[in-house]
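model_4.txt, holding compact mmCIF, N, CA and C atoms:
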```txt
# COMPACT_ATOMS: atom_id res chain seq x y z
N PRO L 1 -40.82 92.61 4.87
CA PRO L 1 -40.58 92.09 6.21
C PRO L 1 -39.08 92.00 6.51
N MET L 2 -38.74 92.21 7.76
CA MET L 2 -37.34 92.14 8.17
C MET L 2 -36.94 90.67 8.36
N SER L 3 -35.70 90.38 7.99
CA SER L 3 -35.15 89.03 8.14
C SER L 3 -33.75 89.12 8.74
N LEU L 4 -33.30 88.00 9.29
CA LEU L 4 -31.92 87.87 9.76
C LEU L 4 -31.08 87.44 8.57
N ARG L 5 -30.03 88.18 8.28
CA ARG L 5 -29.11 87.85 7.18
C ARG L 5 -27.68 87.89 7.69
N ALA L 6 -26.82 87.11 7.06
CA ALA L 6 -25.39 87.13 7.35
C ALA L 6 -24.68 87.82 6.19
N ILE L 7 -23.72 88.65 6.55
CA ILE L 7 -22.91 89.35 5.55
C ILE L 7 -21.46 89.04 5.84
N ARG L 8 -20.73 88.61 4.81
CA ARG L 8 -19.32 88.27 4.97
C ARG L 8 -18.45 89.37 4.41
N GLY L 9 -17.23 89.42 4.92
CA GLY L 9 -16.26 90.36 4.41
C GLY L 9 -14.87 90.01 4.91
N ALA L 10 -13.87 90.57 4.24
CA ALA L 10 -12.49 90.37 4.67
C ALA L 10 -11.63 91.49 4.11
N ILE L 11 -10.53 91.71 4.79
CA ILE L 11 -9.55 92.71 4.34
C ILE L 11 -8.16 92.21 4.69
N GLN L 12 -7.21 92.46 3.79
CA GLN L 12 -5.81 92.19 4.09
C GLN L 12 -5.19 93.52 4.51
N VAL L 13 -4.52 93.52 5.65
CA VAL L 13 -3.90 94.74 6.16
C VAL L 13 -2.40 94.74 5.87
N PRO L 14 -1.78 95.93 5.83
CA PRO L 14 -0.36 96.00 5.45
C PRO L 14 0.61 95.37 6.43
N ALA L 15 0.31 95.47 7.74
CA ALA L 15 1.27 95.00 8.74
C ALA L 15 0.58 94.68 10.05
N ASN L 16 1.29 93.94 10.90
CA ASN L 16 0.78 93.58 12.22
C ASN L 16 1.06 94.70 13.21
N THR L 17 0.34 95.80 13.02
CA THR L 17 0.43 96.91 13.97
C THR L 17 -0.99 97.25 14.42
N ALA L 18 -1.10 97.79 15.62
CA ALA L 18 -2.43 98.16 16.12
C ALA L 18 -3.10 99.16 15.18
N SER L 19 -2.32 100.10 14.63
CA SER L 19 -2.92 101.11 13.76
C SER L 19 -3.39 100.51 12.43
N ASP L 20 -2.62 99.59 11.85
CA ASP L 20 -3.04 98.96 10.58
C ASP L 20 -4.26 98.07 10.79
N ILE L 21 -4.30 97.35 11.90
CA ILE L 21 -5.45 96.49 12.20
C ILE L 21 -6.69 97.36 12.40
N ALA L 22 -6.57 98.42 13.18
CA ALA L 22 -7.72 99.30 13.42
C ALA L 22 -8.20 99.94 12.13
N ALA L 23 -7.28 100.46 11.33
CA ALA L 23 -7.66 101.11 10.08
C ALA L 23 -8.33 100.11 9.13
N GLY L 24 -7.80 98.90 9.07
CA GLY L 24 -8.38 97.88 8.21
C GLY L 24 -9.78 97.49 8.63
N VAL L 25 -9.96 97.27 9.93
CA VAL L 25 -11.28 96.91 10.45
C VAL L 25 -12.27 98.03 10.16
N GLN L 26 -11.87 99.26 10.42
CA GLN L 26 -12.78 100.38 10.21
C GLN L 26 -13.12 100.56 8.74
N GLU L 27 -12.17 100.34 7.85
CA GLU L 27 -12.45 100.41 6.41
C GLU L 27 -13.44 99.32 6.00
N LEU L 28 -13.21 98.11 6.49
CA LEU L 28 -14.08 96.98 6.16
C LEU L 28 -15.49 97.19 6.70
N VAL L 29 -15.59 97.56 7.96
CA VAL L 29 -16.91 97.75 8.59
C VAL L 29 -17.67 98.87 7.88
N ALA L 30 -17.01 99.98 7.60
CA ALA L 30 -17.66 101.09 6.90
C ALA L 30 -18.16 100.66 5.52
N ALA L 31 -17.35 99.88 4.81
CA ALA L 31 -17.73 99.43 3.47
C ALA L 31 -18.93 98.49 3.52
N ILE L 32 -18.97 97.60 4.51
CA ILE L 32 -20.10 96.67 4.66
C ILE L 32 -21.37 97.44 4.98
N LEU L 33 -21.27 98.38 5.92
CA LEU L 33 -22.45 99.17 6.28
C LEU L 33 -22.96 99.97 5.09
N GLU L 34 -22.07 100.65 4.39
CA GLU L 34 -22.47 101.48 3.26
C GLU L 34 -23.08 100.65 2.13
N ALA L 35 -22.41 99.57 1.76
CA ALA L 35 -22.88 98.75 0.64
C ALA L 35 -24.25 98.12 0.90
N ASN L 36 -24.54 97.89 2.18
CA ASN L 36 -25.80 97.22 2.53
C ASN L 36 -26.81 98.17 3.17
N GLN L 37 -26.52 99.46 3.15
CA GLN L 37 -27.40 100.50 3.69
C GLN L 37 -27.83 100.18 5.13
N LEU L 38 -26.81 99.94 5.95
CA LEU L 38 -27.03 99.57 7.35
C LEU L 38 -26.43 100.60 8.28
N ARG L 39 -26.88 100.58 9.51
CA ARG L 39 -26.27 101.37 10.59
C ARG L 39 -26.01 100.40 11.74
N PRO L 40 -25.18 100.76 12.68
CA PRO L 40 -24.88 99.82 13.78
C PRO L 40 -26.12 99.27 14.47
N ALA L 41 -27.19 100.06 14.58
CA ALA L 41 -28.41 99.59 15.24
C ALA L 41 -29.07 98.42 14.51
N ASP L 42 -28.74 98.22 13.24
CA ASP L 42 -29.29 97.10 12.46
C ASP L 42 -28.50 95.81 12.66
N VAL L 43 -27.34 95.92 13.29
CA VAL L 43 -26.42 94.78 13.43
C VAL L 43 -26.72 94.04 14.73
N ILE L 44 -26.93 92.75 14.61
CA ILE L 44 -27.21 91.90 15.78
C ILE L 44 -25.91 91.53 16.48
N CYS L 45 -24.90 91.11 15.70
CA CYS L 45 -23.59 90.77 16.25
C CYS L 45 -22.58 90.69 15.11
N VAL L 46 -21.29 90.74 15.48
CA VAL L 46 -20.22 90.61 14.50
C VAL L 46 -19.18 89.63 15.05
N PHE L 47 -18.79 88.69 14.21
CA PHE L 47 -17.76 87.72 14.54
C PHE L 47 -16.55 88.00 13.65
N PHE L 48 -15.40 88.28 14.26
CA PHE L 48 -14.15 88.53 13.53
C PHE L 48 -13.21 87.36 13.68
N THR L 49 -12.45 87.06 12.63
CA THR L 49 -11.29 86.18 12.76
C THR L 49 -10.09 86.91 12.19
N SER L 50 -8.93 86.58 12.71
CA SER L 50 -7.67 87.13 12.22
C SER L 50 -6.71 85.98 11.95
N THR L 51 -5.89 86.14 10.94
CA THR L 51 -4.85 85.15 10.72
C THR L 51 -3.86 85.21 11.88
N VAL L 52 -3.14 84.11 12.10
CA VAL L 52 -2.28 84.01 13.29
C VAL L 52 -1.19 85.07 13.34
N ASP L 53 -0.86 85.67 12.20
CA ASP L 53 0.20 86.68 12.16
C ASP L 53 -0.29 88.07 12.60
N LEU L 54 -1.58 88.20 12.92
CA LEU L 54 -2.13 89.48 13.39
C LEU L 54 -2.50 89.37 14.87
N ASN L 55 -1.62 89.87 15.71
CA ASN L 55 -1.89 89.80 17.16
C ASN L 55 -1.60 91.11 17.89
N ALA L 56 -1.47 92.21 17.14
CA ALA L 56 -1.13 93.49 17.76
C ALA L 56 -2.35 94.21 18.34
N ALA L 57 -3.56 93.78 17.94
CA ALA L 57 -4.77 94.45 18.44
C ALA L 57 -5.97 93.54 18.19
N PHE L 58 -7.03 93.79 18.97
CA PHE L 58 -8.29 93.08 18.76
C PHE L 58 -9.13 93.80 17.70
N PRO L 59 -9.55 93.12 16.64
CA PRO L 59 -10.41 93.76 15.65
C PRO L 59 -11.69 94.35 16.26
N ALA L 60 -12.26 93.67 17.22
CA ALA L 60 -13.51 94.15 17.82
C ALA L 60 -13.34 95.52 18.48
N ALA L 61 -12.16 95.81 19.01
CA ALA L 61 -11.93 97.10 19.66
C ALA L 61 -12.08 98.24 18.65
N ALA L 62 -11.59 98.06 17.45
CA ALA L 62 -11.71 99.10 16.42
C ALA L 62 -13.15 99.24 15.96
N CYS L 63 -13.88 98.16 15.90
CA CYS L 63 -15.28 98.20 15.53
C CYS L 63 -16.10 98.93 16.59
N ARG L 64 -15.81 98.67 17.83
CA ARG L 64 -16.54 99.29 18.94
C ARG L 64 -16.48 100.81 18.85
N GLU L 65 -15.35 101.34 18.37
CA GLU L 65 -15.17 102.79 18.25
C GLU L 65 -16.06 103.41 17.17
N MET L 66 -16.73 102.59 16.38
CA MET L 66 -17.55 103.09 15.26
C MET L 66 -19.04 103.12 15.60
N GLY L 67 -19.37 103.10 16.86
CA GLY L 67 -20.78 103.16 17.24
C GLY L 67 -21.39 101.81 17.55
N PHE L 68 -20.57 100.83 17.80
CA PHE L 68 -21.04 99.47 18.07
C PHE L 68 -21.02 99.15 19.57
N ALA L 69 -21.23 100.15 20.42
CA ALA L 69 -21.16 99.95 21.87
C ALA L 69 -22.17 98.92 22.37
N ASN L 70 -23.32 98.81 21.73
CA ASN L 70 -24.37 97.90 22.18
C ASN L 70 -24.50 96.65 21.33
N VAL L 71 -23.51 96.40 20.47
CA VAL L 71 -23.53 95.24 19.58
C VAL L 71 -22.54 94.21 20.10
N PRO L 72 -22.97 92.95 20.30
CA PRO L 72 -22.01 91.92 20.71
C PRO L 72 -20.97 91.68 19.61
N LEU L 73 -19.69 91.73 20.00
CA LEU L 73 -18.57 91.52 19.09
C LEU L 73 -17.66 90.47 19.69
N ILE L 74 -17.09 89.64 18.83
CA ILE L 74 -16.14 88.64 19.32
C ILE L 74 -15.11 88.36 18.23
N GLY L 75 -13.94 87.93 18.64
CA GLY L 75 -12.89 87.60 17.69
C GLY L 75 -12.29 86.24 17.99
N SER L 76 -11.66 85.69 16.98
CA SER L 76 -11.01 84.39 17.10
C SER L 76 -9.86 84.34 16.11
N VAL L 77 -9.05 83.29 16.22
CA VAL L 77 -7.95 83.08 15.29
C VAL L 77 -8.44 82.20 14.15
N GLU L 78 -8.13 82.61 12.94
CA GLU L 78 -8.48 81.84 11.74
C GLU L 78 -7.62 80.56 11.70
N VAL L 79 -8.13 79.53 11.09
CA VAL L 79 -7.37 78.29 10.91
C VAL L 79 -6.10 78.61 10.13
N ASP L 80 -4.97 78.12 10.62
CA ASP L 80 -3.66 78.42 10.03
C ASP L 80 -3.34 77.43 8.91
N VAL L 81 -3.97 77.60 7.77
CA VAL L 81 -3.78 76.71 6.63
C VAL L 81 -2.50 77.11 5.89
N PRO L 82 -1.59 76.17 5.66
CA PRO L 82 -0.36 76.50 4.93
C PRO L 82 -0.67 77.12 3.56
N GLY L 83 0.02 78.23 3.28
CA GLY L 83 -0.14 78.89 2.00
C GLY L 83 -1.34 79.83 1.90
N ALA L 84 -2.13 79.93 2.98
CA ALA L 84 -3.30 80.82 2.96
C ALA L 84 -2.85 82.28 2.99
N LEU L 85 -3.75 83.16 2.58
CA LEU L 85 -3.48 84.60 2.57
C LEU L 85 -3.14 85.08 3.98
N ASP L 86 -2.04 85.81 4.11
CA ASP L 86 -1.62 86.29 5.43
C ASP L 86 -2.22 87.66 5.74
N ARG L 87 -2.06 88.13 6.98
CA ARG L 87 -2.48 89.46 7.43
C ARG L 87 -3.94 89.76 7.06
N THR L 88 -4.80 88.78 7.28
CA THR L 88 -6.20 88.91 6.85
C THR L 88 -7.16 88.88 8.04
N ILE L 89 -8.07 89.83 8.03
CA ILE L 89 -9.16 89.89 9.02
C ILE L 89 -10.45 89.57 8.28
N ARG L 90 -11.18 88.62 8.80
CA ARG L 90 -12.48 88.25 8.23
C ARG L 90 -13.57 88.68 9.20
N ALA L 91 -14.76 88.95 8.66
CA ALA L 91 -15.88 89.33 9.50
C ALA L 91 -17.15 88.66 9.00
N MET L 92 -18.02 88.31 9.94
CA MET L 92 -19.37 87.88 9.61
C MET L 92 -20.33 88.70 10.45
N PHE L 93 -21.12 89.50 9.78
CA PHE L 93 -22.14 90.32 10.42
C PHE L 93 -23.46 89.57 10.37
N HIS L 94 -24.20 89.56 11.46
CA HIS L 94 -25.59 89.12 11.45
C HIS L 94 -26.41 90.39 11.60
N VAL L 95 -27.33 90.60 10.66
CA VAL L 95 -28.08 91.86 10.61
C VAL L 95 -29.57 91.61 10.42
N GLU L 96 -30.35 92.62 10.80
CA GLU L 96 -31.77 92.64 10.47
C GLU L 96 -31.92 93.55 9.25
N THR L 97 -32.54 93.03 8.21
CA THR L 97 -32.68 93.79 6.98
C THR L 97 -33.91 93.33 6.21
N GLY L 98 -34.41 94.20 5.40
CA GLY L 98 -35.50 93.85 4.51
C GLY L 98 -34.99 93.30 3.18
N LYS L 99 -33.68 93.25 3.01
CA LYS L 99 -33.09 92.77 1.76
C LYS L 99 -33.12 91.24 1.70
N GLY L 100 -33.29 90.72 0.51
CA GLY L 100 -33.20 89.28 0.28
C GLY L 100 -31.75 88.86 0.14
N PRO L 101 -31.49 87.55 0.18
CA PRO L 101 -30.11 87.07 0.08
C PRO L 101 -29.38 87.54 -1.17
N ASP L 102 -30.10 87.69 -2.26
CA ASP L 102 -29.48 88.11 -3.51
C ASP L 102 -29.19 89.61 -3.56
N GLN L 103 -29.64 90.35 -2.56
CA GLN L 103 -29.42 91.79 -2.50
C GLN L 103 -28.32 92.18 -1.51
N ILE L 104 -27.76 91.20 -0.83
CA ILE L 104 -26.70 91.45 0.15
C ILE L 104 -25.36 91.60 -0.58
N SER L 105 -24.58 92.60 -0.17
CA SER L 105 -23.24 92.81 -0.73
C SER L 105 -22.19 92.33 0.26
N HIS L 106 -21.44 91.32 -0.14
CA HIS L 106 -20.32 90.82 0.65
C HIS L 106 -19.08 91.58 0.19
N ILE L 107 -18.25 92.00 1.12
CA ILE L 107 -17.16 92.94 0.81
C ILE L 107 -15.80 92.31 1.10
N TYR L 108 -14.96 92.26 0.07
CA TYR L 108 -13.60 91.75 0.20
C TYR L 108 -12.65 92.80 -0.36
N LEU L 109 -11.78 93.32 0.50
CA LEU L 109 -10.95 94.47 0.16
C LEU L 109 -9.47 94.13 0.10
N HIS L 110 -8.78 94.88 -0.73
CA HIS L 110 -7.33 94.76 -0.93
C HIS L 110 -6.99 93.33 -1.32
N GLY L 111 -5.96 92.75 -0.76
CA GLY L 111 -5.57 91.39 -1.14
C GLY L 111 -6.64 90.35 -0.88
N ALA L 112 -7.54 90.64 0.06
CA ALA L 112 -8.59 89.68 0.40
C ALA L 112 -9.61 89.50 -0.71
N ALA L 113 -9.62 90.37 -1.70
CA ALA L 113 -10.53 90.20 -2.85
C ALA L 113 -10.27 88.86 -3.54
N ALA L 114 -9.04 88.37 -3.43
CA ALA L 114 -8.69 87.08 -4.04
C ALA L 114 -9.39 85.90 -3.37
N LEU L 115 -9.88 86.10 -2.15
CA LEU L 115 -10.52 85.00 -1.42
C LEU L 115 -11.85 84.60 -2.02
N ARG L 116 -12.60 85.57 -2.51
CA ARG L 116 -13.94 85.30 -3.04
C ARG L 116 -14.19 86.12 -4.29
N ARG L 117 -13.46 85.84 -5.35
CA ARG L 117 -13.66 86.57 -6.59
C ARG L 117 -15.08 86.44 -7.11
N ASP L 118 -15.77 85.37 -6.71
CA ASP L 118 -17.12 85.14 -7.19
C ASP L 118 -18.13 86.12 -6.60
N ILE L 119 -17.86 86.66 -5.38
CA ILE L 119 -18.84 87.56 -4.77
C ILE L 119 -18.24 88.89 -4.32
N ALA L 120 -16.95 89.07 -4.46
CA ALA L 120 -16.33 90.31 -3.99
C ALA L 120 -16.89 91.51 -4.74
N GLN L 121 -17.10 92.59 -3.99
CA GLN L 121 -17.63 93.84 -4.59
C GLN L 121 -16.47 94.71 -5.03
```

Conversion result in structure tokens:
Amino acid sequence: PMSLRAIRGAIQVPANTASDIAAGVQELVAAILEANQLRPADVICVFFTSTVDLNAAFPAAACREMGFANVPLIGSVEVDVPGALDRTIRAMFHVETGKGPDQISHIYLHGAAALRRDIAQ
């Protein structure tokens, strides 16, 4: 049976440029889809956050270019905690899948792997 599941992920990008933000989002989204055997049609919505130092582009815009035209996407600013990892984009996907919670792959790439060493792929 199909269920609603949440999938988390994050990526640290090299710089606050529109091209680095877009490339990072697209790398993260592709990795989440591949690891969980999903396509955009399986995605109910995606919520992005960016650290305050990333303001050159909207993460959702890069995601939309990957076939997410009919998927609700939104972005927000991550809480600015002193000493937290900089240049980081986080994502939470809500998806329809037949996989159980223990079969979901959460994806943390580049420097963001340090955020969740317990579940990073």

With a cut-off of 8 Å, could you pull out the residues of segment 73-112 of chain L touching segment 50-54 of chain L and give me the nearest pair of atoms for each, distance in Å to one decimal, using all atoms listed in the file, ordered by chain and ascending number, as a tab-separated table?
```
residue	atom	partner	partner_atom	distance
L:Gly75	C	L:Ser50	N	6.3
L:Ser76	C	L:Ser50	N	4.2
L:Val77	CA	L:Ser50	N	4.5
L:Glu78	N	L:Ser50	C	3.8
L:Val79	N	L:Thr51	CA	6.5
L:Asp80	CA	L:Val52	N	6.1
L:Val81	N	L:Val52	N	7.9
L:Leu85	C	L:Thr51	CA	7.0
L:Asp86	C	L:Thr51	CA	6.2
L:Arg87	N	L:Thr51	CA	5.5
L:Thr88	C	L:Thr51	N	4.2
L:Ile89	CA	L:Ser50	CA	4.5
L:Arg90	N	L:Ser50	N	5.0
L:Ala91	N	L:Ser50	N	7.5
```

- By how many Å are atom C of Arg64 of chain L and atom CA of Gln37 of chain L apart? 18.7 Å

- Query: In Å to one decimal, how far is atom N of Val25 of chain L from atom N of Asn55 of chain L?
  - Reply: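 Going from atom N of Asn55 of chain L over to atom N of Val25 of chain L, I get 12.6 Å.
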
Pull the strand (DSSP E) assignments for chain L out of DSSP run on the backbone, and list those residues as a PDB file with N, CA and C atoms, in the frame of the given file.
```pdb
ATOM      1  N   SER L   3     -35.700  90.380   7.990  1.00  0.00           N
ATOM      2  CA  SER L   3     -35.150  89.030   8.140  1.00  0.00           C
ATOM      3  C   SER L   3     -33.750  89.120   8.740  1.00  0.00           C
ATOM      4  N   LEU L   4     -33.300  88.000   9.290  1.00  0.00           N
ATOM      5  CA  LEU L   4     -31.920  87.870   9.760  1.00  0.00           C
ATOM      6  C   LEU L   4     -31.080  87.440   8.570  1.00  0.00           C
ATOM      7  N   ARG L   5     -30.030  88.180   8.280  1.00  0.00           N
ATOM      8  CA  ARG L   5     -29.110  87.850   7.180  1.00  0.00           C
ATOM      9  C   ARG L   5     -27.680  87.890   7.690  1.00  0.00           C
ATOM     10  N   ALA L   6     -26.820  87.110   7.060  1.00  0.00           N
ATOM     11  CA  ALA L   6     -25.390  87.130   7.350  1.00  0.00           C
ATOM     12  C   ALA L   6     -24.680  87.820   6.190  1.00  0.00           C
ATOM     13  N   ILE L   7     -23.720  88.650   6.550  1.00  0.00           N
ATOM     14  CA  ILE L   7     -22.910  89.350   5.550  1.00  0.00           C
ATOM     15  C   ILE L   7     -21.460  89.040   5.840  1.00  0.00           C
ATOM     16  N   ARG L   8     -20.730  88.610   4.810  1.00  0.00           N
ATOM     17  CA  ARG L   8     -19.320  88.270   4.970  1.00  0.00           C
ATOM     18  C   ARG L   8     -18.450  89.370   4.410  1.00  0.00           C
ATOM     19  N   GLY L   9     -17.230  89.420   4.920  1.00  0.00           N
ATOM     20  CA  GLY L   9     -16.260  90.360   4.410  1.00  0.00           C
ATOM     21  C   GLY L   9     -14.870  90.010   4.910  1.00  0.00           C
ATOM     22  N   ALA L  10     -13.870  90.570   4.240  1.00  0.00           N
ATOM     23  CA  ALA L  10     -12.490  90.370   4.670  1.00  0.00           C
ATOM     24  C   ALA L  10     -11.630  91.490   4.110  1.00  0.00           C
ATOM     25  N   ILE L  11     -10.530  91.710   4.790  1.00  0.00           N
ATOM     26  CA  ILE L  11      -9.550  92.710   4.340  1.00  0.00           C
ATOM     27  C   ILE L  11      -8.160  92.210   4.690  1.00  0.00           C
ATOM     28  N   GLN L  12      -7.210  92.460   3.790  1.00  0.00           N
ATOM     29  CA  GLN L  12      -5.810  92.190   4.090  1.00  0.00           C
ATOM     30  C   GLN L  12      -5.190  93.520   4.510  1.00  0.00           C
ATOM     31  N   VAL L  43     -27.340  95.920  13.290  1.00  0.00           N
ATOM     32  CA  VAL L  43     -26.420  94.780  13.430  1.00  0.00           C
ATOM     33  C   VAL L  43     -26.720  94.040  14.730  1.00  0.00           C
ATOM     34  N   ILE L  44     -26.930  92.750  14.610  1.00  0.00           N
ATOM     35  CA  ILE L  44     -27.210  91.900  15.780  1.00  0.00           C
ATOM     36  C   ILE L  44     -25.910  91.530  16.480  1.00  0.00           C
ATOM     37  N   CYS L  45     -24.900  91.110  15.700  1.00  0.00           N
ATOM     38  CA  CYS L  45     -23.590  90.770  16.250  1.00  0.00           C
ATOM     39  C   CYS L  45     -22.580  90.690  15.110  1.00  0.00           C
ATOM     40  N   VAL L  46     -21.290  90.740  15.480  1.00  0.00           N
ATOM     41  CA  VAL L  46     -20.220  90.610  14.500  1.00  0.00           C
ATOM     42  C   VAL L  46     -19.180  89.630  15.050  1.00  0.00           C
ATOM     43  N   PHE L  47     -18.790  88.690  14.210  1.00  0.00           N
ATOM     44  CA  PHE L  47     -17.760  87.720  14.540  1.00  0.00           C
ATOM     45  C   PHE L  47     -16.550  88.000  13.650  1.00  0.00           C
ATOM     46  N   PHE L  48     -15.400  88.280  14.260  1.00  0.00           N
ATOM     47  CA  PHE L  48     -14.150  88.530  13.530  1.00  0.00           C
ATOM     48  C   PHE L  48     -13.210  87.360  13.680  1.00  0.00           C
ATOM     49  N   THR L  49     -12.450  87.060  12.630  1.00  0.00           N
ATOM     50  CA  THR L  49     -11.290  86.180  12.760  1.00  0.00           C
ATOM     51  C   THR L  49     -10.090  86.910  12.190  1.00  0.00           C
ATOM     52  N   SER L  50      -8.930  86.580  12.710  1.00  0.00           N
ATOM     53  CA  SER L  50      -7.670  87.130  12.220  1.00  0.00           C
ATOM     54  C   SER L  50      -6.710  85.980  11.950  1.00  0.00           C
ATOM     55  N   LEU L  73     -19.690  91.730  20.000  1.00  0.00           N
ATOM     56  CA  LEU L  73     -18.570  91.520  19.090  1.00  0.00           C
ATOM     57  C   LEU L  73     -17.660  90.470  19.690  1.00  0.00           C
ATOM     58  N   ILE L  74     -17.090  89.640  18.830  1.00  0.00           N
ATOM     59  CA  ILE L  74     -16.140  88.640  19.320  1.00  0.00           C
ATOM     60  C   ILE L  74     -15.110  88.360  18.230  1.00  0.00           C
ATOM     61  N   GLY L  75     -13.940  87.930  18.640  1.00  0.00           N
ATOM     62  CA  GLY L  75     -12.890  87.600  17.690  1.00  0.00           C
ATOM     63  C   GLY L  75     -12.290  86.240  17.990  1.00  0.00           C
ATOM     64  N   SER L  76     -11.660  85.690  16.980  1.00  0.00           N
ATOM     65  CA  SER L  76     -11.010  84.390  17.100  1.00  0.00           C
ATOM     66  C   SER L  76      -9.860  84.340  16.110  1.00  0.00           C
ATOM     67  N   VAL L  77      -9.050  83.290  16.220  1.00  0.00           N
ATOM     68  CA  VAL L  77      -7.950  83.080  15.290  1.00  0.00           C
ATOM     69  C   VAL L  77      -8.440  82.200  14.150  1.00  0.00           C
ATOM     70  N   THR L  88      -4.800  88.780   7.280  1.00  0.00           N
ATOM     71  CA  THR L  88      -6.200  88.910   6.850  1.00  0.00           C
ATOM     72  C   THR L  88      -7.160  88.880   8.040  1.00  0.00           C
ATOM     73  N   ILE L  89      -8.070  89.830   8.030  1.00  0.00           N
ATOM     74  CA  ILE L  89      -9.160  89.890   9.020  1.00  0.00           C
ATOM     75  C   ILE L  89     -10.450  89.570   8.280  1.00  0.00           C
ATOM     76  N   ARG L  90     -11.180  88.620   8.800  1.00  0.00           N
ATOM     77  CA  ARG L  90     -12.480  88.250   8.230  1.00  0.00           C
ATOM     78  C   ARG L  90     -13.570  88.680   9.200  1.00  0.00           C
ATOM     79  N   ALA L  91     -14.760  88.950   8.660  1.00  0.00           N
ATOM     80  CA  ALA L  91     -15.880  89.330   9.500  1.00  0.00           C
ATOM     81  C   ALA L  91     -17.150  88.660   9.000  1.00  0.00           C
ATOM     82  N   MET L  92     -18.020  88.310   9.940  1.00  0.00           N
ATOM     83  CA  MET L  92     -19.370  87.880   9.610  1.00  0.00           C
ATOM     84  C   MET L  92     -20.330  88.700  10.450  1.00  0.00           C
ATOM     85  N   PHE L  93     -21.120  89.500   9.780  1.00  0.00           N
ATOM     86  CA  PHE L  93     -22.140  90.320  10.420  1.00  0.00           C
ATOM     87  C   PHE L  93     -23.460  89.570  10.370  1.00  0.00           C
ATOM     88  N   HIS L  94     -24.200  89.560  11.460  1.00  0.00           N
ATOM     89  CA  HIS L  94     -25.590  89.120  11.450  1.00  0.00           C
ATOM     90  C   HIS L  94     -26.410  90.390  11.600  1.00  0.00           C
ATOM     91  N   VAL L  95     -27.330  90.600  10.660  1.00  0.00           N
ATOM     92  CA  VAL L  95     -28.080  91.860  10.610  1.00  0.00           C
ATOM     93  C   VAL L  95     -29.570  91.610  10.420  1.00  0.00           C
ATOM     94  N   GLU L  96     -30.350  92.620  10.800  1.00  0.00           N
ATOM     95  CA  GLU L  96     -31.770  92.640  10.470  1.00  0.00           C
ATOM     96  C   GLU L  96     -31.920  93.550   9.250  1.00  0.00           C
ATOM     97  N   THR L  97     -32.540  93.030   8.210  1.00  0.00           N
ATOM     98  CA  THR L  97     -32.680  93.790   6.980  1.00  0.00           C
ATOM     99  C   THR L  97     -33.910  93.330   6.210  1.00  0.00           C
ATOM    100  N   ILE L 107     -18.250  92.000   1.120  1.00  0.00           N
ATOM    101  CA  ILE L 107     -17.160  92.940   0.810  1.00  0.00           C
ATOM    102  C   ILE L 107     -15.800  92.310   1.100  1.00  0.00           C
ATOM    103  N   TYR L 108     -14.960  92.260   0.070  1.00  0.00           N
ATOM    104  CA  TYR L 108     -13.600  91.750   0.200  1.00  0.00           C
ATOM    105  C   TYR L 108     -12.650  92.800  -0.360  1.00  0.00           C
ATOM    106  N   LEU L 109     -11.780  93.320   0.500  1.00  0.00           N
ATOM    107  CA  LEU L 109     -10.950  94.470   0.160  1.00  0.00           C
ATOM    108  C   LEU L 109      -9.470  94.130   0.100  1.00  0.00           C
TER     109      LEU L 109
END
```

- Message: Can you tell me which residues surround Asn36 of chain L at a distance of at most 8 Å, considering only N, CA and C atoms, apart from same-chain residues fewer than 3 positions away, and format the answer as number ranges by chain?
- Response: L: 30-33, 39, 103-106

Rows by chain and residue number, segment 72-121 of chain L within 9 Å of segment 1-5 of chain L, shortest pair, only C-alpha atoms, as a Markdown table:
```
| residue | atom | partner | partner_atom | distance |
| --- | --- | --- | --- | --- |
| L:Phe93 | CA | L:Arg5 | CA | 8.1 |
| L:His94 | CA | L:Arg5 | CA | 5.7 |
| L:Val95 | CA | L:Arg5 | CA | 5.4 |
| L:Glu96 | CA | L:Leu4 | CA | 4.8 |
| L:Thr97 | CA | L:Met2 | CA | 5.1 |
| L:Gly98 | CA | L:Met2 | CA | 4.4 |
| L:Lys99 | CA | L:Ser3 | CA | 7.7 |
| L:Gly100 | CA | L:Ser3 | CA | 8.1 |
| L:Pro101 | CA | L:Arg5 | CA | 7.2 |
| L:Ile104 | CA | L:Arg5 | CA | 8.3 |
```

So for segment 58-64 of chain L, what box centre and size do we get, axis-aligned, 8 Å extra on each of the six sides, every listed atom, Å to one decimal, as AutoDock Vina command-line options?
```
--center_x -11.8 --center_y 96.9 --center_z 17.6 --size_x 25.5 --size_y 23.7 --size_z 20.1
```

- Item | Distance query Ala57 of chain L at most 8 Å, only N, CA and C atoms, self and fewer than 2 positions along chain excluded, as a list of chain:residue names |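 The residues satisfying every condition are L:Asn16, L:Thr17, L:Ala18, L:Ser19, L:Ile21, L:Ala22, L:Leu54, L:Asn55, L:Pro59, L:Ala60, L:Ala61, L:Ala62.
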
- Item | Point-to-point distance from atom C of Val13 of chain L to atom C of Glu27 of chain L, Å rounded to tenths |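 Value for the atom C of Val13 of chain L-atom C of Glu27 of chain L distance: 12.0 Å.
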
- Item | Who sits within 8 Å of His110 of chain L, all atoms listed in the file, same chain under 5 positions skipped, as number ranges by chain | L: 10-13, 115
